[in-house]
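Here the structure is laid out as structure tokens; the discussion comes afterwards.
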Amino acid sequence: MMKIPVLEIFGPTIQGEGAVIGRKTMFVRTAGCDFSCVWCDSKFTWDGTMKEEIEMLLPETIYERLQSIAPNQFSHVTISGGNPALIKNLAGFVSLLHDKDIEVALETQGTKFQSWMTEIDQLTISPKPPSSMMTHDLDQLDTVIRELDPDKVTLKVVIFNDEDYHFSKMIHKCYPHIKMYLQVGNPYLDDTVEDHTSRLLSHYESLIDKVMPDSEMNNVYVTPQLHTLLWSNKKGV
Ligand SMILES: C[S@@+](CC[C@H](N)C(=O)[O-])C[C@H]1O[C@@H](n2cnc3c(N)ncnc32)[C@H](O)[C@@H]1O
Ligand SMILES: Nc1nc2[nH]cc(C(=O)O)c2c(=O)[nH]1
Ligand code: SF4
Ligand SMILES: [Mg+2]
């Protein structure tokens, strides 16, 4: 079986984002991304600063590591990155987890489709808004979304400003049948910032204030990143 480039294995913790926010889960974070968002909270997955720490691991080894740090303490694993959708051979890992009765979630930005993605229980696609300084190829996004079961997919757009909000509305209009999460952007990537919780909550409140009067956004979920409210942008939580 093929090996997977892994940068972090941690948990149990709460899933801080999206459709299963609050769910007790383990995280497996893969290395490498095809984007370089200016506000990426996991830059170490692609900027080269941690390249010595990347381990090429077999699915069985990742499972053993998960069990050794949290023996029988989980029934859910979230795969994030970087962009785990760059990896051609995650099928074996996903089916190994399913064989053990473990649910599997995946975080990706929607630039690549792999056949194993149809096996994921909760797939979050997070198209990148203008503030990221990335230009999302919307045809590519559409190709990925068309391959997936709408009931297992959610969209999650990170919002820092009005342009991002407009972008989220455009995406929501294109895919009204897919659940849409608006997630407030975290500008405090240095986790030593003072008062991060009250600052983040006030950004969250501003986003709520934007959405509530908007009759075109009656079907959306508006969330903070729960883990950053608690722990700022600390690694490994
Ligand atoms: C680090 S990314 C990894 C998965 C994939 N590359 C993606 O972007 O969807 C995980 C999630 O964190 C979100 N994210 C990254 N930086 C953020 C920030 N500064 N504030 C809020 N959300 C952020 C991304 O949009 C994505 O939904
Ligand atoms: N607790 C927690 N929840 C998360 N949800 C998505 C995360 C990610 O980095 O993809 C993340 C993360 O890094 N930590
Ligand atoms: S796509 Fe995800 S991992 Fe890649 S740079 Fe953007 S936020 Fe970071
Ligand atoms: Mg994160």
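Ligands are numbered from 1 in the order shown, chains are lettered A, B, ... in the order of the structure tokens, and residues start at 1 in each chain.
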
Exercise. Find the residues around His98 of chain A up to 12 Å (only C-alpha atoms counted), leave out those fewer than 3 positions away in its own chain, and share them as JSON, numbers by chain.
Key: {"A": [63, 75, 76, 77, 91, 92, 93, 94, 95, 101, 102, 103, 104, 105, 119, 120, 121]}

Output the selection as a compact mmCIF listing (two decimals), in the first residue's frame - all heavy atoms for each residue.
# COMPACT_ATOMS: atom_id res chain seq x y z
N TYR A 63 -3.07 4.57 11.81
CA TYR A 63 -4.08 4.06 12.74
C TYR A 63 -3.46 3.68 14.08
O TYR A 63 -3.99 4.00 15.15
CB TYR A 63 -4.82 2.86 12.12
CG TYR A 63 -5.90 2.36 13.04
CD1 TYR A 63 -7.05 3.10 13.25
CD2 TYR A 63 -5.73 1.16 13.74
CE1 TYR A 63 -8.04 2.66 14.14
CE2 TYR A 63 -6.72 0.71 14.62
CZ TYR A 63 -7.85 1.47 14.81
OH TYR A 63 -8.83 1.05 15.69
N SER A 75 -14.20 7.84 17.77
CA SER A 75 -14.90 7.08 16.73
C SER A 75 -15.07 7.96 15.48
O SER A 75 -15.96 7.74 14.66
CB SER A 75 -16.26 6.60 17.23
OG SER A 75 -17.07 7.71 17.52
N HIS A 76 -14.21 8.99 15.39
CA HIS A 76 -14.30 9.95 14.28
C HIS A 76 -12.91 10.50 14.00
O HIS A 76 -12.18 10.83 14.94
CB HIS A 76 -15.25 11.08 14.68
CG HIS A 76 -15.63 12.01 13.58
ND1 HIS A 76 -14.85 13.07 13.19
CD2 HIS A 76 -16.72 12.04 12.77
CE1 HIS A 76 -15.45 13.71 12.19
NE2 HIS A 76 -16.58 13.12 11.92
N VAL A 77 -12.57 10.55 12.73
CA VAL A 77 -11.26 11.11 12.33
C VAL A 77 -11.48 12.16 11.25
O VAL A 77 -12.23 11.93 10.29
CB VAL A 77 -10.31 10.00 11.81
CG1 VAL A 77 -9.05 10.62 11.18
CG2 VAL A 77 -9.91 9.05 12.94
N ALA A 91 -7.56 6.06 -0.35
CA ALA A 91 -8.65 5.08 -0.29
C ALA A 91 -8.40 4.03 0.79
O ALA A 91 -9.30 3.68 1.56
CB ALA A 91 -8.82 4.40 -1.65
N GLY A 92 -7.16 3.52 0.87
CA GLY A 92 -6.83 2.47 1.83
C GLY A 92 -7.01 2.94 3.27
O GLY A 92 -7.52 2.21 4.12
N PHE A 93 -6.59 4.17 3.54
CA PHE A 93 -6.72 4.71 4.89
C PHE A 93 -8.20 4.90 5.26
O PHE A 93 -8.62 4.51 6.35
CB PHE A 93 -5.95 6.04 5.00
CG PHE A 93 -5.99 6.64 6.37
CD1 PHE A 93 -5.66 5.88 7.50
CD2 PHE A 93 -6.33 7.97 6.56
CE1 PHE A 93 -5.69 6.44 8.79
CE2 PHE A 93 -6.36 8.54 7.84
CZ PHE A 93 -6.05 7.78 8.94
N VAL A 94 -8.98 5.44 4.33
CA VAL A 94 -10.41 5.67 4.59
C VAL A 94 -11.11 4.33 4.83
O VAL A 94 -11.89 4.20 5.78
CB VAL A 94 -11.07 6.44 3.42
CG1 VAL A 94 -12.58 6.59 3.63
CG2 VAL A 94 -10.43 7.82 3.25
N SER A 95 -10.80 3.31 4.04
CA SER A 95 -11.51 2.04 4.24
C SER A 95 -11.03 1.33 5.50
O SER A 95 -11.82 0.68 6.19
CB SER A 95 -11.45 1.14 3.00
OG SER A 95 -10.15 0.70 2.80
N ASP A 101 -15.13 0.91 12.20
CA ASP A 101 -16.33 1.65 12.61
C ASP A 101 -16.06 3.10 12.97
O ASP A 101 -16.71 3.66 13.87
CB ASP A 101 -17.02 0.96 13.80
CG ASP A 101 -18.01 -0.07 13.30
OD1 ASP A 101 -18.45 0.05 12.14
OD2 ASP A 101 -18.32 -1.00 14.08
N ILE A 102 -15.10 3.68 12.31
CA ILE A 102 -14.76 5.08 12.57
C ILE A 102 -15.26 5.94 11.40
O ILE A 102 -15.04 5.59 10.24
CB ILE A 102 -13.24 5.21 12.76
CG1 ILE A 102 -12.84 4.49 14.04
CG2 ILE A 102 -12.80 6.67 12.78
CD1 ILE A 102 -11.37 4.24 14.17
N GLU A 103 -15.96 7.03 11.74
CA GLU A 103 -16.43 7.96 10.70
C GLU A 103 -15.28 8.84 10.25
O GLU A 103 -14.38 9.16 11.03
CB GLU A 103 -17.52 8.86 11.28
CG GLU A 103 -18.91 8.28 11.24
CD GLU A 103 -19.92 9.35 11.67
OE1 GLU A 103 -20.39 10.11 10.81
OE2 GLU A 103 -20.20 9.41 12.88
N VAL A 104 -15.35 9.25 8.99
CA VAL A 104 -14.24 10.01 8.41
C VAL A 104 -14.74 11.32 7.79
O VAL A 104 -15.63 11.32 6.94
CB VAL A 104 -13.48 9.20 7.34
CG1 VAL A 104 -12.21 9.94 6.93
CG2 VAL A 104 -13.14 7.80 7.85
N ALA A 105 -14.13 12.42 8.23
CA ALA A 105 -14.42 13.73 7.64
C ALA A 105 -13.18 14.22 6.91
O ALA A 105 -12.05 13.81 7.23
CB ALA A 105 -14.82 14.72 8.73
N GLU A 119 -16.19 8.28 -0.66
CA GLU A 119 -16.32 7.42 0.53
C GLU A 119 -16.33 8.22 1.85
O GLU A 119 -16.58 7.66 2.91
CB GLU A 119 -15.15 6.42 0.60
CG GLU A 119 -15.02 5.53 -0.63
CD GLU A 119 -16.28 4.70 -0.86
OE1 GLU A 119 -16.82 4.16 0.11
OE2 GLU A 119 -16.73 4.65 -2.03
N ILE A 120 -16.02 9.50 1.78
CA ILE A 120 -15.94 10.32 2.99
C ILE A 120 -17.33 10.60 3.56
O ILE A 120 -18.26 10.90 2.81
CB ILE A 120 -15.21 11.67 2.66
CG1 ILE A 120 -13.78 11.41 2.15
CG2 ILE A 120 -15.23 12.62 3.84
CD1 ILE A 120 -12.81 10.88 3.16
N ASP A 121 -17.48 10.49 4.88
CA ASP A 121 -18.80 10.68 5.50
C ASP A 121 -19.20 12.15 5.56
O ASP A 121 -20.36 12.50 5.38
CB ASP A 121 -18.80 10.09 6.92
CG ASP A 121 -18.44 8.60 6.89
OD1 ASP A 121 -19.22 7.84 6.31
OD2 ASP A 121 -17.37 8.22 7.41

Can you list every residue of chain A that has an atom at most 12 Å from ligand 4, with its nearest atom pair and the distance in Å to one decimal, using only C-alpha atoms and all ligand atoms, ordered by chain then number, as a Markdown table?
| residue | atom | partner | partner_atom_place_in_ligand_line | distance |
| --- | --- | --- | --- | --- |
| A:Glu8 | CA | ligand 4 | 1 (Mg) | 11.3 |
| A:Phe10 | CA | ligand 4 | 1 (Mg) | 11.7 |
| A:Thr13 | CA | ligand 4 | 1 (Mg) | 11.7 |
| A:Ile14 | CA | ligand 4 | 1 (Mg) | 11.4 |
| A:Gln15 | CA | ligand 4 | 1 (Mg) | 9.4 |
| A:Gly16 | CA | ligand 4 | 1 (Mg) | 8.1 |
| A:Glu17 | CA | ligand 4 | 1 (Mg) | 8.6 |
| A:Gly18 | CA | ligand 4 | 1 (Mg) | 11.6 |
| A:Phe27 | CA | ligand 4 | 1 (Mg) | 9.7 |
| A:Val28 | CA | ligand 4 | 1 (Mg) | 11.1 |
| A:Arg29 | CA | ligand 4 | 1 (Mg) | 9.3 |
| A:Trp39 | CA | ligand 4 | 1 (Mg) | 11.5 |
| A:Cys40 | CA | ligand 4 | 1 (Mg) | 8.8 |
| A:Asp41 | CA | ligand 4 | 1 (Mg) | 6.1 |
| A:Ser42 | CA | ligand 4 | 1 (Mg) | 6.3 |
| A:Lys43 | CA | ligand 4 | 1 (Mg) | 10.0 |
| A:Phe44 | CA | ligand 4 | 1 (Mg) | 11.2 |
| A:Thr45 | CA | ligand 4 | 1 (Mg) | 10.9 |
| A:Thr78 | CA | ligand 4 | 1 (Mg) | 10.9 |
| A:Ile79 | CA | ligand 4 | 1 (Mg) | 10.9 |
| A:Ser80 | CA | ligand 4 | 1 (Mg) | 8.1 |
| A:Gly81 | CA | ligand 4 | 1 (Mg) | 8.4 |
| A:Gly82 | CA | ligand 4 | 1 (Mg) | 9.9 |
| A:Glu107 | CA | ligand 4 | 1 (Mg) | 9.8 |
| A:Thr108 | CA | ligand 4 | 1 (Mg) | 11.7 |
| A:Gly185 | CA | ligand 4 | 1 (Mg) | 11.5 |
| A:Asn186 | CA | ligand 4 | 1 (Mg) | 10.3 |
| A:Leu189 | CA | ligand 4 | 1 (Mg) | 10.5 |
| A:Gln225 | CA | ligand 4 | 1 (Mg) | 8.6 |
| A:Leu226 | CA | ligand 4 | 1 (Mg) | 10.4 |
| A:His227 | CA | ligand 4 | 1 (Mg) | 8.3 |
| A:Thr228 | CA | ligand 4 | 1 (Mg) | 8.4 |
| A:Trp231 | CA | ligand 4 | 1 (Mg) | 11.1 |
| A:Ser232 | CA | ligand 4 | 1 (Mg) | 10.1 |
| A:Asn233 | CA | ligand 4 | 1 (Mg) | 7.5 |
| A:Lys234 | CA | ligand 4 | 1 (Mg) | 8.9 |
| A:Lys235 | CA | ligand 4 | 1 (Mg) | 8.0 |
| A:Gly236 | CA | ligand 4 | 1 (Mg) | 8.7 |
| A:Val237 | CA | ligand 4 | 1 (Mg) | 8.2 |

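You will find atom CA of Trp46 of chain A at 21.4 Å from atom CA of Leu123 of chain A.
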
Exercise. Identify, on the basis of only C-alpha atoms, every residue whose closest approach to Met56 of chain A does not exceed 10 Å; exclude the query and any residue fewer than 2 positions from it along the same chain; express the result as number ranges by chain.
Key: A: 2-7, 30-31, 53-54, 58-59, 61-62

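For the choices A:Met117, A:Val20, A:Met134, A:Leu155, the atom-to-atom distance to ligand 3 is smallest for A:Met134 when using only C-alpha atoms and all ligand atoms.
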
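Interatomic distance, atom CA of Thr118 of chain A against atom 14 (N, counted along the ligand's line) of ligand 2: 22.9 Å.
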
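Coordinates place atom CA of Ala19 of chain A at a distance of 17.4 Å from atom CA of Ile208 of chain A.
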
Self-check item: Selection near Asn72 of chain A, 12 Å with only C-alpha atoms, sequence-local residues under 6 positions removed, as a PyMOL selection string
Solution: chain A and resi 11-12+25-26+63-66+100-102

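Distance check against ligand 1 using only C-alpha atoms and all ligand atoms: of A:Cys174, A:Leu148, A:Val38, A:Val222, the minimum falls on A:Val38.
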
Quiz item: Out of A:Ser215, A:Asn161, A:Ser206, A:Ser198, which residue has the shortest atom-to-atom distance to Leu229 of chain A when counting only C-alpha atoms?
Solution: A:Ser198

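Of all the residues in segment 172-234 of chain A, the ones DSSP labels as strand (DSSP E or B) from the backbone are Lys179, Met180, Tyr181, Leu182, Gln183, Val184, Tyr221, Val222 and Thr223 of chain A.
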
Quiz item: Tell me, which residues of segment 119-214 of chain A carry DSSP helix (DSSP H, G or I), written as a ChimeraX atom specification?
Solution: /A:119,130-132,138-146,162-174,196-211

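In terms of minimum interatomic distance to Ser132 of chain A, A:Asp164 ranks closest within A:Glu55, A:Asp214, A:Asp164, A:Glu205, counting only C-alpha atoms.
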
Exercise. Within 12 Å of Ile125 of chain A, counting only C-alpha atoms, which residues show up once you throw out same-chain ones fewer than 6 positions away? Write them as number ranges by chain, please.
Key: A: 17-19, 80, 83-85, 105-113, 117, 141-142, 144-145, 148, 150, 152-158, 171, 175, 178-182

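In this comparison, which uses only C-alpha atoms and all ligand atoms, the residue of A:Thr124, A:Gln73, A:Asn219, A:Ser168 approaching ligand 3 most closely is A:Thr124.
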
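Proximity to ligand 1 was assessed for A:Asp209, A:Asp149, A:Asp191, A:Glu216 counting only C-alpha atoms and all ligand atoms; the smallest distance is recorded for A:Asp191.
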